[in-house]
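J.: Just so it is clear, I am handing over run-v6.cif, which has mmCIF, C-alpha atoms.
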```cif
data_final
loop_
_atom_site.label_atom_id
_atom_site.label_comp_id
_atom_site.auth_asym_id
_atom_site.auth_seq_id
_atom_site.Cartn_x
_atom_site.Cartn_y
_atom_site.Cartn_z
CA MET E 324 -14.18 -179.42 -193.95
CA LEU E 325 -14.68 -181.88 -191.08
CA ARG E 326 -14.31 -185.59 -191.67
CA PRO E 327 -17.71 -187.18 -192.40
CA MET E 328 -19.92 -187.23 -189.33
CA THR E 329 -22.81 -189.41 -188.26
CA VAL E 330 -25.60 -186.93 -187.48
CA VAL E 331 -28.92 -187.59 -185.75
CA VAL E 332 -31.63 -184.94 -185.91
CA LEU E 333 -34.75 -185.05 -183.77
CA GLY E 334 -36.90 -182.42 -185.44
CA LEU E 335 -40.54 -181.43 -185.74
CA THR E 336 -40.83 -182.78 -189.28
CA VAL E 337 -38.87 -183.21 -192.48
CA THR E 338 -41.48 -185.30 -194.27
CA SER E 339 -44.31 -182.74 -194.37
CA SER E 340 -44.27 -179.03 -195.17
CA TRP E 341 -47.94 -178.68 -194.25
CA GLY E 342 -48.56 -175.74 -191.91
CA ASN E 343 -44.93 -175.33 -190.81
CA GLY E 344 -41.65 -173.83 -191.95
CA HIS E 345 -39.46 -176.43 -190.28
CA ALA E 346 -39.52 -179.01 -193.06
CA THR E 347 -38.06 -176.74 -195.73
CA THR E 348 -35.42 -175.47 -193.30
CA TYR E 349 -34.32 -179.00 -192.43
CA ARG E 350 -34.42 -180.14 -196.05
CA ALA E 351 -32.02 -177.47 -197.30
CA LEU E 352 -29.62 -177.88 -194.36
CA LEU E 353 -29.55 -181.67 -194.41
CA LYS E 354 -29.16 -181.82 -198.16
CA GLY E 355 -26.19 -179.48 -197.81
CA MET E 356 -24.72 -181.65 -195.07
CA ALA E 357 -25.14 -184.80 -197.14
CA ALA E 358 -23.41 -183.08 -200.07
CA ARG E 359 -20.48 -182.46 -197.74
CA GLY E 360 -20.23 -186.17 -196.90
CA HIS E 361 -22.15 -186.49 -193.64
CA ARG E 362 -24.51 -189.39 -192.86
CA ILE E 363 -27.83 -188.26 -191.42
CA ARG E 364 -30.74 -189.93 -189.61
CA PHE E 365 -33.86 -187.85 -188.96
CA LEU E 366 -36.12 -189.01 -186.12
CA GLU E 367 -39.65 -187.63 -186.44
CA HIS E 368 -42.53 -188.05 -184.03
CA ASP E 369 -45.31 -189.59 -186.11
CA LYS E 370 -48.24 -187.16 -185.99
CA PRO E 371 -51.52 -187.65 -187.89
CA TRP E 372 -51.65 -184.11 -189.28
CA TYR E 373 -48.26 -184.60 -190.92
CA ALA E 374 -48.97 -188.20 -191.92
CA ALA E 375 -51.93 -186.91 -193.94
CA HIS E 376 -49.79 -184.36 -195.79
CA ARG E 377 -46.39 -185.98 -196.38
CA ASP E 378 -44.85 -184.45 -199.50
CA LEU E 379 -41.36 -185.93 -198.92
CA PRO E 380 -41.68 -189.22 -197.02
CA ARG E 381 -38.25 -190.53 -198.09
CA PRO E 382 -35.62 -187.86 -198.75
CA ASP E 383 -32.65 -189.14 -200.74
CA TYR E 384 -30.12 -187.29 -198.58
CA CYS E 385 -31.05 -188.68 -195.16
CA ASP E 386 -32.74 -191.67 -193.56
CA VAL E 387 -36.06 -190.94 -191.84
CA THR E 388 -37.43 -192.95 -188.95
CA LEU E 389 -40.84 -192.26 -187.44
CA TYR E 390 -41.41 -192.94 -183.75
CA ASP E 391 -44.47 -192.93 -181.48
CA GLY E 392 -43.09 -191.44 -178.27
CA LEU E 393 -40.39 -191.25 -175.65
CA ASP E 394 -40.52 -194.94 -174.74
CA GLU E 395 -39.87 -195.95 -178.34
CA LEU E 396 -37.02 -193.46 -178.60
CA ALA E 397 -35.30 -194.95 -175.57
CA GLU E 398 -35.96 -198.56 -176.55
CA ARG E 399 -35.05 -198.41 -180.24
CA HIS E 400 -32.71 -195.48 -180.79
CA ALA E 401 -30.47 -195.13 -177.73
CA ALA E 402 -27.44 -196.68 -179.46
CA LEU E 403 -27.93 -194.47 -182.51
CA VAL E 404 -27.97 -191.31 -180.38
CA ARG E 405 -25.13 -192.51 -178.15
CA ASP E 406 -22.76 -193.21 -181.04
CA ALA E 407 -23.55 -190.19 -183.23
CA ASP E 408 -20.90 -187.52 -183.74
CA LEU E 409 -23.59 -184.83 -183.60
CA VAL E 410 -27.14 -184.94 -182.20
CA ILE E 411 -29.51 -182.04 -182.90
CA VAL E 412 -32.83 -181.51 -181.12
CA GLY E 413 -35.12 -179.02 -182.83
CA SER E 414 -37.66 -176.58 -181.51
CA TYR E 415 -41.31 -177.61 -181.30
CA VAL E 416 -40.40 -181.29 -181.03
CA PRO E 417 -43.23 -183.00 -179.08
CA ASP E 418 -42.19 -183.66 -175.47
CA GLY E 419 -39.14 -181.56 -176.29
CA VAL E 420 -37.90 -181.01 -172.73
CA GLU E 421 -37.98 -184.75 -171.99
CA VAL E 422 -36.36 -185.49 -175.36
CA ALA E 423 -33.60 -182.97 -174.56
CA ARG E 424 -32.93 -184.54 -171.17
CA TRP E 425 -32.75 -188.00 -172.72
CA VAL E 426 -30.40 -186.86 -175.48
CA GLN E 427 -28.10 -185.10 -173.03
CA ALA E 428 -27.97 -188.21 -170.84
CA THR E 429 -27.42 -190.56 -173.77
CA ALA E 430 -25.31 -188.85 -176.42
CA GLU E 431 -21.53 -189.08 -176.26
CA GLY E 432 -20.88 -186.75 -179.19
CA VAL E 433 -21.67 -183.05 -179.66
CA THR E 434 -25.23 -182.04 -178.78
CA ALA E 435 -27.12 -179.04 -180.14
CA PHE E 436 -30.52 -177.42 -179.84
CA TYR E 437 -31.65 -175.95 -183.17
CA ASP E 438 -34.16 -173.20 -182.47
CA ILE E 439 -36.03 -172.44 -185.69
CA ASP E 440 -38.37 -170.23 -183.62
CA THR E 441 -35.98 -168.30 -181.36
CA PRO E 442 -38.06 -165.14 -180.78
CA VAL E 443 -41.16 -167.24 -180.12
CA THR E 444 -39.13 -169.47 -177.80
CA LEU E 445 -37.86 -166.52 -175.77
CA ALA E 446 -41.36 -165.09 -175.46
CA LYS E 447 -42.59 -168.47 -174.21
CA LEU E 448 -39.74 -168.77 -171.69
CA GLU E 449 -40.51 -165.32 -170.33
CA ARG E 450 -44.10 -166.43 -169.76
CA GLY E 451 -42.93 -169.58 -168.02
CA GLU E 452 -44.08 -171.81 -170.89
CA HIS E 453 -41.76 -174.75 -171.43
CA GLU E 454 -43.52 -176.44 -174.32
CA TYR E 455 -40.40 -177.79 -176.03
CA VAL E 456 -37.40 -176.35 -174.17
CA SER E 457 -36.81 -175.12 -170.63
CA PRO E 458 -34.17 -173.02 -168.86
CA GLU E 459 -32.95 -176.18 -167.12
CA VAL E 460 -31.99 -178.03 -170.31
CA ILE E 461 -30.52 -175.13 -172.32
CA PRO E 462 -27.09 -175.19 -170.56
CA GLY E 463 -26.87 -178.94 -171.16
CA PHE E 464 -26.40 -178.53 -174.93
CA ASP E 465 -22.94 -177.91 -176.36
CA LEU E 466 -24.49 -175.59 -178.95
CA TYR E 467 -27.59 -173.44 -179.12
CA LEU E 468 -28.15 -172.96 -182.85
CA SER E 469 -30.39 -169.96 -183.28
CA PHE E 470 -32.65 -168.92 -186.15
CA THR E 471 -32.01 -165.38 -184.88
CA GLY E 472 -28.67 -163.61 -184.84
CA GLY E 473 -27.65 -160.22 -183.51
CA PRO E 474 -28.07 -159.30 -179.82
CA THR E 475 -30.26 -162.36 -179.16
CA LEU E 476 -27.18 -164.61 -179.13
CA GLU E 477 -25.68 -162.76 -176.17
CA ARG E 478 -29.05 -162.83 -174.42
CA LEU E 479 -29.26 -166.60 -174.77
CA GLU E 480 -25.86 -167.00 -173.15
CA ARG E 481 -26.29 -164.36 -170.46
CA ALA E 482 -29.89 -164.96 -169.41
CA TYR E 483 -30.32 -168.67 -170.10
CA GLY E 484 -26.85 -170.11 -169.74
CA ALA E 485 -26.43 -171.35 -173.30
CA ARG E 486 -22.83 -172.54 -173.62
CA ARG E 487 -22.36 -171.38 -177.19
CA ALA E 488 -25.21 -169.53 -178.89
CA ARG E 489 -24.47 -169.40 -182.61
CA VAL E 490 -26.59 -168.18 -185.48
CA LEU E 491 -27.75 -170.76 -188.01
CA TYR E 492 -30.18 -169.03 -190.32
CA CYS E 493 -32.46 -170.98 -192.58
CA SER E 494 -31.27 -171.53 -196.13
CA VAL E 495 -32.33 -172.52 -199.63
CA ASP E 496 -31.68 -175.48 -201.89
CA PRO E 497 -30.39 -173.95 -205.15
CA GLU E 498 -31.37 -177.09 -207.05
CA GLY E 499 -35.00 -176.41 -206.19
CA TYR E 500 -35.11 -172.61 -206.54
CA TYR E 501 -33.87 -170.72 -209.58
CA PRO E 502 -35.20 -168.34 -212.26
CA GLU E 503 -37.49 -169.79 -214.90
CA LEU E 504 -38.92 -168.25 -218.04
CA GLY E 505 -42.69 -168.27 -218.19
CA PRO E 506 -45.77 -166.10 -218.02
CA VAL E 507 -46.09 -163.63 -215.15
CA ARG E 508 -49.53 -164.11 -213.62
CA TRP E 509 -49.47 -161.81 -210.59
CA ASP E 510 -48.08 -158.39 -209.75
CA LEU E 511 -47.59 -159.27 -206.08
CA GLY E 512 -47.81 -162.56 -204.21
CA TYR E 513 -47.40 -163.84 -200.69
CA LEU E 514 -46.67 -167.34 -199.38
CA GLY E 515 -47.23 -168.12 -195.73
CA THR E 516 -49.42 -169.87 -193.18
CA TYR E 517 -52.00 -167.63 -191.51
CA SER E 518 -50.81 -165.96 -188.33
CA PRO E 519 -52.87 -163.36 -186.42
CA ASP E 520 -49.84 -161.17 -185.78
CA ARG E 521 -48.85 -161.15 -189.47
CA GLN E 522 -52.32 -160.48 -190.81
CA PRO E 523 -52.38 -156.69 -190.19
CA THR E 524 -49.18 -156.31 -192.21
CA LEU E 525 -50.50 -158.56 -194.96
CA ASP E 526 -53.63 -156.41 -195.03
CA ARG E 527 -51.58 -153.22 -195.22
CA LEU E 528 -49.01 -154.31 -197.80
CA LEU E 529 -51.08 -156.56 -200.06
CA ILE E 530 -54.82 -156.33 -199.47
CA GLN E 531 -54.95 -152.52 -199.36
CA PRO E 532 -52.84 -152.15 -202.54
CA ALA E 533 -55.10 -154.72 -204.20
CA ARG E 534 -58.20 -152.71 -203.32
CA ALA E 535 -56.57 -149.52 -204.56
CA TRP E 536 -55.38 -151.07 -207.85
CA GLU E 537 -58.18 -153.17 -209.22
CA ARG E 538 -56.31 -153.84 -212.46
CA GLY E 539 -53.47 -155.53 -210.56
CA GLY E 540 -53.24 -159.24 -209.94
CA PHE E 541 -52.47 -160.59 -206.45
CA ILE E 542 -52.24 -163.98 -204.75
CA VAL E 543 -51.98 -165.31 -201.19
CA ALA E 544 -50.99 -168.96 -200.75
CA GLY E 545 -51.05 -170.79 -197.44
CA PRO E 546 -53.32 -172.67 -195.04
CA GLN E 547 -55.41 -171.81 -191.99
CA TYR E 548 -56.75 -168.40 -193.08
CA PRO E 549 -60.13 -167.68 -191.43
CA ALA E 550 -63.18 -167.93 -193.65
CA ASP E 551 -64.34 -164.43 -192.69
CA ILE E 552 -61.42 -162.56 -194.31
CA ASP E 553 -62.81 -160.24 -196.98
CA TRP E 554 -60.45 -160.86 -199.89
CA PRO E 555 -60.67 -158.39 -202.80
CA ALA E 556 -61.82 -159.86 -206.10
CA ASN E 557 -58.33 -159.48 -207.60
CA VAL E 558 -56.64 -161.51 -204.81
CA GLU E 559 -56.43 -165.20 -205.67
CA ARG E 560 -56.29 -167.70 -202.80
CA VAL E 561 -54.46 -171.06 -202.69
CA GLU E 562 -54.95 -173.16 -199.55
CA HIS E 563 -51.70 -175.10 -199.65
CA LEU E 564 -48.72 -174.93 -201.95
CA PRO E 565 -46.27 -177.83 -201.56
CA PRO E 566 -42.55 -177.05 -201.90
CA ALA E 567 -42.40 -178.69 -205.33
CA GLU E 568 -44.59 -175.84 -206.60
CA HIS E 569 -42.85 -172.95 -204.84
CA ARG E 570 -40.40 -172.21 -207.64
CA ARG E 571 -43.12 -171.92 -210.25
CA PHE E 572 -45.17 -169.78 -207.84
CA TYR E 573 -42.36 -167.27 -207.28
CA ASN E 574 -41.40 -167.09 -210.93
CA ALA E 575 -44.97 -166.19 -211.88
CA GLN E 576 -44.82 -162.96 -209.81
CA ARG E 577 -43.48 -159.52 -210.68
CA PHE E 578 -42.82 -158.94 -206.96
CA THR E 579 -43.19 -161.12 -203.90
CA LEU E 580 -44.04 -159.98 -200.38
CA ASN E 581 -42.28 -160.94 -197.15
CA VAL E 582 -44.20 -160.46 -193.89
CA THR E 583 -42.55 -161.03 -190.52
CA ARG E 584 -44.06 -162.24 -187.26
CA THR E 585 -44.22 -159.77 -184.37
CA ASP E 586 -41.80 -161.66 -182.13
CA MET E 587 -39.27 -161.86 -184.96
CA ILE E 588 -39.60 -158.15 -185.69
CA ALA E 589 -38.92 -157.43 -182.02
CA ALA E 590 -35.83 -159.64 -182.00
CA GLY E 591 -34.61 -158.65 -185.46
CA TRP E 592 -31.99 -160.65 -187.39
CA SER E 593 -34.54 -163.37 -188.25
CA PRO E 594 -34.78 -163.90 -192.01
CA SER E 595 -37.45 -166.33 -193.15
CA VAL E 596 -36.86 -169.13 -195.60
CA ARG E 597 -39.32 -167.45 -197.95
CA LEU E 598 -36.88 -164.57 -198.37
CA PHE E 599 -34.15 -166.89 -199.56
CA GLU E 600 -36.45 -168.98 -201.75
CA ALA E 601 -37.84 -165.97 -203.59
CA ALA E 602 -34.43 -164.37 -203.95
CA ALA E 603 -32.95 -167.60 -205.33
CA CYS E 604 -35.64 -167.42 -208.02
CA GLY E 605 -34.53 -163.90 -208.89
CA VAL E 606 -37.88 -162.37 -207.93
CA PRO E 607 -37.67 -158.87 -206.39
CA ILE E 608 -38.86 -158.85 -202.79
CA ILE E 609 -40.90 -156.25 -200.92
CA SER E 610 -40.50 -156.71 -197.16
CA ASP E 611 -41.68 -155.11 -193.96
CA PRO E 612 -38.75 -153.57 -192.01
CA TRP E 613 -36.88 -155.15 -189.10
CA ASP E 614 -33.46 -154.76 -187.47
CA GLY E 615 -30.77 -156.79 -189.19
CA LEU E 616 -32.52 -157.11 -192.54
CA GLY E 617 -29.86 -154.87 -194.04
CA THR E 618 -27.19 -157.41 -193.07
CA VAL E 619 -28.97 -160.10 -195.10
CA PHE E 620 -29.86 -158.07 -198.21
CA GLU E 621 -28.78 -154.58 -199.21
CA PRO E 622 -31.82 -152.27 -199.15
CA GLU E 623 -32.88 -150.78 -202.52
CA ARG E 624 -30.25 -152.75 -204.44
CA GLU E 625 -31.19 -156.29 -203.33
CA ILE E 626 -34.55 -155.76 -201.59
CA LEU E 627 -37.30 -153.16 -201.21
CA ILE E 628 -38.38 -152.34 -197.65
CA THR E 629 -41.50 -150.47 -196.53
CA SER E 630 -44.44 -150.49 -194.12
CA ASP E 631 -46.49 -148.12 -196.28
CA PRO E 632 -49.23 -149.40 -198.65
CA GLU E 633 -48.94 -146.33 -200.90
CA THR E 634 -45.25 -147.09 -201.44
CA VAL E 635 -46.12 -150.65 -202.41
CA GLN E 636 -48.67 -149.34 -204.91
CA ARG E 637 -46.09 -146.97 -206.40
CA TRP E 638 -43.50 -149.74 -206.77
CA LEU E 639 -46.02 -152.05 -208.43
CA ARG E 640 -47.18 -149.40 -210.87
CA ASP E 641 -44.00 -147.47 -211.63
CA THR E 642 -41.01 -149.84 -211.35
CA THR E 643 -39.71 -150.73 -214.79
CA ALA E 644 -39.22 -154.37 -215.73
CA GLY E 645 -35.49 -153.77 -216.10
CA HIS E 646 -35.16 -152.26 -212.63
CA ALA E 647 -37.18 -155.10 -211.07
CA ARG E 648 -35.00 -157.71 -212.78
CA ALA E 649 -31.85 -155.97 -211.55
CA ILE E 650 -33.06 -156.14 -207.93
CA GLY E 651 -33.93 -159.80 -208.36
CA ARG E 652 -30.55 -160.65 -209.91
CA ALA E 653 -28.67 -158.89 -207.12
CA ALA E 654 -30.66 -160.74 -204.45
CA ARG E 655 -30.06 -164.08 -206.15
CA LYS E 656 -26.31 -163.42 -206.29
CA ARG E 657 -26.32 -162.70 -202.56
CA VAL E 658 -28.25 -165.87 -201.75
CA MET E 659 -25.99 -168.09 -203.85
CA ALA E 660 -22.95 -166.71 -202.02
CA SER E 661 -24.28 -166.69 -198.47
CA HIS E 662 -27.56 -168.51 -197.89
CA THR E 663 -27.55 -171.99 -199.46
CA GLY E 664 -27.89 -175.23 -197.54
CA TRP E 665 -24.30 -176.09 -198.47
CA ARG E 666 -23.16 -172.82 -196.89
CA ARG E 667 -25.16 -173.46 -193.70
CA ALA E 668 -23.69 -176.95 -193.46
CA ALA E 669 -20.20 -175.44 -193.61
CA GLU E 670 -21.12 -173.01 -190.83
CA LEU E 671 -22.44 -175.85 -188.70
CA GLU E 672 -19.20 -177.79 -189.24
CA GLY E 673 -17.31 -174.79 -187.94
CA TYR E 674 -19.40 -174.71 -184.77
CA VAL E 675 -18.88 -178.43 -184.18
CA ALA E 676 -15.14 -177.98 -184.68
CA GLU E 677 -15.24 -175.17 -182.13
CA VAL E 678 -16.87 -177.46 -179.55
CA ARG E 679 -14.37 -180.22 -180.24
CA GLY E 680 -11.49 -177.79 -179.95
CA MET E 681 -12.72 -176.62 -176.58
CA ALA E 682 -13.11 -180.23 -175.46
CA VAL E 683 -9.51 -180.94 -176.43
CA LEU E 684 -8.37 -177.91 -174.49
CA ALA E 685 -10.34 -179.01 -171.45
CA VAL E 686 -8.85 -182.51 -171.54
CA SER E 687 -5.32 -181.19 -171.98
CA GLY E 688 -5.78 -178.58 -169.28
CA GLY E 689 -5.16 -175.74 -171.75
#
```
As structure tokens, please, write out the structure in this file.
T.:
Amino acid sequence: MLRPMTVVVLGLTVTSSWGNGHATTYRALLKGMAARGHRIRFLEHDKPWYAAHRDLPRPDYCDVTLYDGLDELAERHAALVRDADLVIVGSYVPDGVEVARWVQATAEGVTAFYDIDTPVTLAKLERGEHEYVSPEVIPGFDLYLSFTGGPTLERLERAYGARRARVLYCSVDPEGYYPELGPVRWDLGYLGTYSPDRQPTLDRLLIQPARAWERGGFIVAGPQYPADIDWPANVERVEHLPPAEHRRFYNAQRFTLNVTRTDMIAAGWSPSVRLFEAAACGVPIISDPWDGLGTVFEPEREILITSDPETVQRWLRDTTAGHARAIGRAARKRVMASHTGWRRAAELEGYVAEVRGMAVLAVSGG
């Protein structure tokens, strides 16, 4: 374990989980880092859509400071960034390219870009869209922490000049997600913000089974779904489910569904935080297939994988309660060993130590 570090994170948001997956990712990681002794300041651009939906305005494991723009960053927080042992800039940070340039010019410690959207980022870069990161600033970070592992890491280094591309998957807070006894309300549920590229899979793996099995109970929770979607009568809708209610939501399902965005399917090796949350609750997961999923959970023993609605129907109707519980228990065991925030914090420490070791070698001429 590294000695305690002073860490500054400039991320999209940690205070609001509304309409984004960044907040829960940061919360688990930063809580794990704090548990390992590090001191953390999170700098968040104050946006009205998050201000209206702040479900964690003051985390007890890090200090949060809201800022209004680049000028305020430079005027008020330059010393903080300069003196930090580690400064992380996240994907989708407003004015991200300018923020990255400022951090790289100001920070004297280790700098990292944490891409919680790696496949989306790469697709944007290929189109020449530099919304929050650009090819010019990528080589300026000591670390490129990627939500996606596998071959994408080599691509980031080869094509974009990342100095050290290292996987840092999302994670789960085991204090917030665990099995609970209670009534099971739904046979299959899904939690996720609407996305046009995910909707066909959601239709195939949840809506079609719901139409075919009218006696079954289904639920879809998440914001921004169009009003013209024709939901079957046995599919319940919840517009927004704050993280404090996620555990109860998962534990009230016989099975939960994971649906992956198109860019992340293409890249592979991109597990979502919902996978780890559900698994930590011991709920058996049905997921669409993608490369690398088998390195995160063992198919059939820890997770069920299919793209076929008839297979989903068969699992819902024919899987015994004992078999379902066994899958859920195995997945939870895997998560507790490999995918907690504490574990991710340890991985991040290792990457920082790697950078520092290389710096020592460079200074010594080794």
J.: For segment 468-473 of chain E, list every protein, DNA or RNA residue within 7 Å, evaluated using only C-alpha atoms, and leave out those in the same chain fewer than 6 positions away; present the list as an mmCIF file with C-alpha atoms, keeping the file's coordinate frame.
T.:
```cif
data_model
loop_
_atom_site.group_PDB
_atom_site.id
_atom_site.type_symbol
_atom_site.label_atom_id
_atom_site.label_comp_id
_atom_site.auth_asym_id
_atom_site.auth_seq_id
_atom_site.Cartn_x
_atom_site.Cartn_y
_atom_site.Cartn_z
ATOM 1 C CA ALA E 435 -27.120 -179.040 -180.140
ATOM 2 C CA PHE E 436 -30.520 -177.420 -179.840
ATOM 3 C CA TYR E 437 -31.650 -175.950 -183.170
ATOM 4 C CA ASP E 438 -34.160 -173.200 -182.470
ATOM 5 C CA ILE E 439 -36.030 -172.440 -185.690
ATOM 6 C CA ASP E 440 -38.370 -170.230 -183.620
ATOM 7 C CA THR E 441 -35.980 -168.300 -181.360
ATOM 8 C CA ALA E 488 -25.210 -169.530 -178.890
ATOM 9 C CA ARG E 489 -24.470 -169.400 -182.610
ATOM 10 C CA VAL E 490 -26.590 -168.180 -185.480
ATOM 11 C CA LEU E 491 -27.750 -170.760 -188.010
ATOM 12 C CA TYR E 492 -30.180 -169.030 -190.320
ATOM 13 C CA CYS E 493 -32.460 -170.980 -192.580
ATOM 14 C CA TRP E 592 -31.990 -160.650 -187.390
ATOM 15 C CA SER E 593 -34.540 -163.370 -188.250
#
```
J.: Which residues, named as in the file, does the PyMOL selection byres ((chain E and resi 385-400) around 8) pick out? Answer as number ranges by chain.
T.: E: 353-354, 357, 362-369, 380-384, 401-404, 418, 421-422, 425
J.: Could you state the separation of atom CA of Gly499 of chain E and atom CA of Arg570 of chain E in Å, given to one decimal place?
T.: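 Taking atom CA of Gly499 of chain E and atom CA of Arg570 of chain E, their separation equals 7.0 Å.
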J.: For the structure provided, state which residues fall under the PyMOL selection byres ((chain E and resi 480) around 12), and present them as a PyMOL selection string.
T.: chain E and resi 458+461-462+464-469+474-479+481-489
J.: From the list E:Lys656, E:Gly645, E:Leu580, E:Pro327, which residue is nearest Leu627 of chain E when using all atoms listed in the file?
T.: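 Ranking E:Lys656, E:Gly645, E:Leu580, E:Pro327 by distance to Leu627 of chain E, first place goes to E:Leu580.
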J.: Evaluate the PyMOL selection byres ((chain E and resi 502) around 8) here and jot the selected residues down as a JSON list (two decimals) with C-alpha atoms, in the frame of the given file.
T.:
```
[["chain", "number", "residue", "atom", "x", "y", "z"],
["E", 500, "TYR", "CA", -35.11, -172.61, -206.54],
["E", 501, "TYR", "CA", -33.87, -170.72, -209.58],
["E", 503, "GLU", "CA", -37.49, -169.79, -214.90],
["E", 504, "LEU", "CA", -38.92, -168.25, -218.04],
["E", 570, "ARG", "CA", -40.40, -172.21, -207.64],
["E", 574, "ASN", "CA", -41.40, -167.09, -210.93],
["E", 603, "ALA", "CA", -32.95, -167.60, -205.33],
["E", 604, "CYS", "CA", -35.64, -167.42, -208.02],
["E", 605, "GLY", "CA", -34.53, -163.90, -208.89],
["E", 606, "VAL", "CA", -37.88, -162.37, -207.93]]
```
J.: Take atom CA of Gly463 of chain E and atom CA of Ala428 of chain E and report the distance between them in Å, one decimal.
T.: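 Atom-to-atom, atom CA of Gly463 of chain E to atom CA of Ala428 of chain E, that is 9.3 Å.
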J.: Which of these, E:Leu511, E:Leu333, E:Leu528, E:Ala653, has the shortest distance to Ile542 of chain E once you count only C-alpha atoms?
T.: E:Leu511
J.: Tell me, counting all atoms listed in the file, for each residue of segment 464-513 of chain E within 8 Å of segment 342-350 of chain E, which pair of atoms is nearest and how far apart they are in Å to one decimal, in rows ordered by chain and increasing number, as CSV.
T.:
```
residue,atom,partner,partner_atom,distance
E:Cys493,CA,E:Thr348,CA,5.4
E:Ser494,CA,E:Thr348,CA,6.4
E:Val495,CA,E:Thr348,CA,7.6
E:Asp496,CA,E:Arg350,CA,8.0
```
J.: Got a sec: who's within 12 Å of Ala654 of chain E, counting only C-alpha atoms, leaving out chain neighbours fewer than 5 positions off, as a count of residues only?
T.: 31
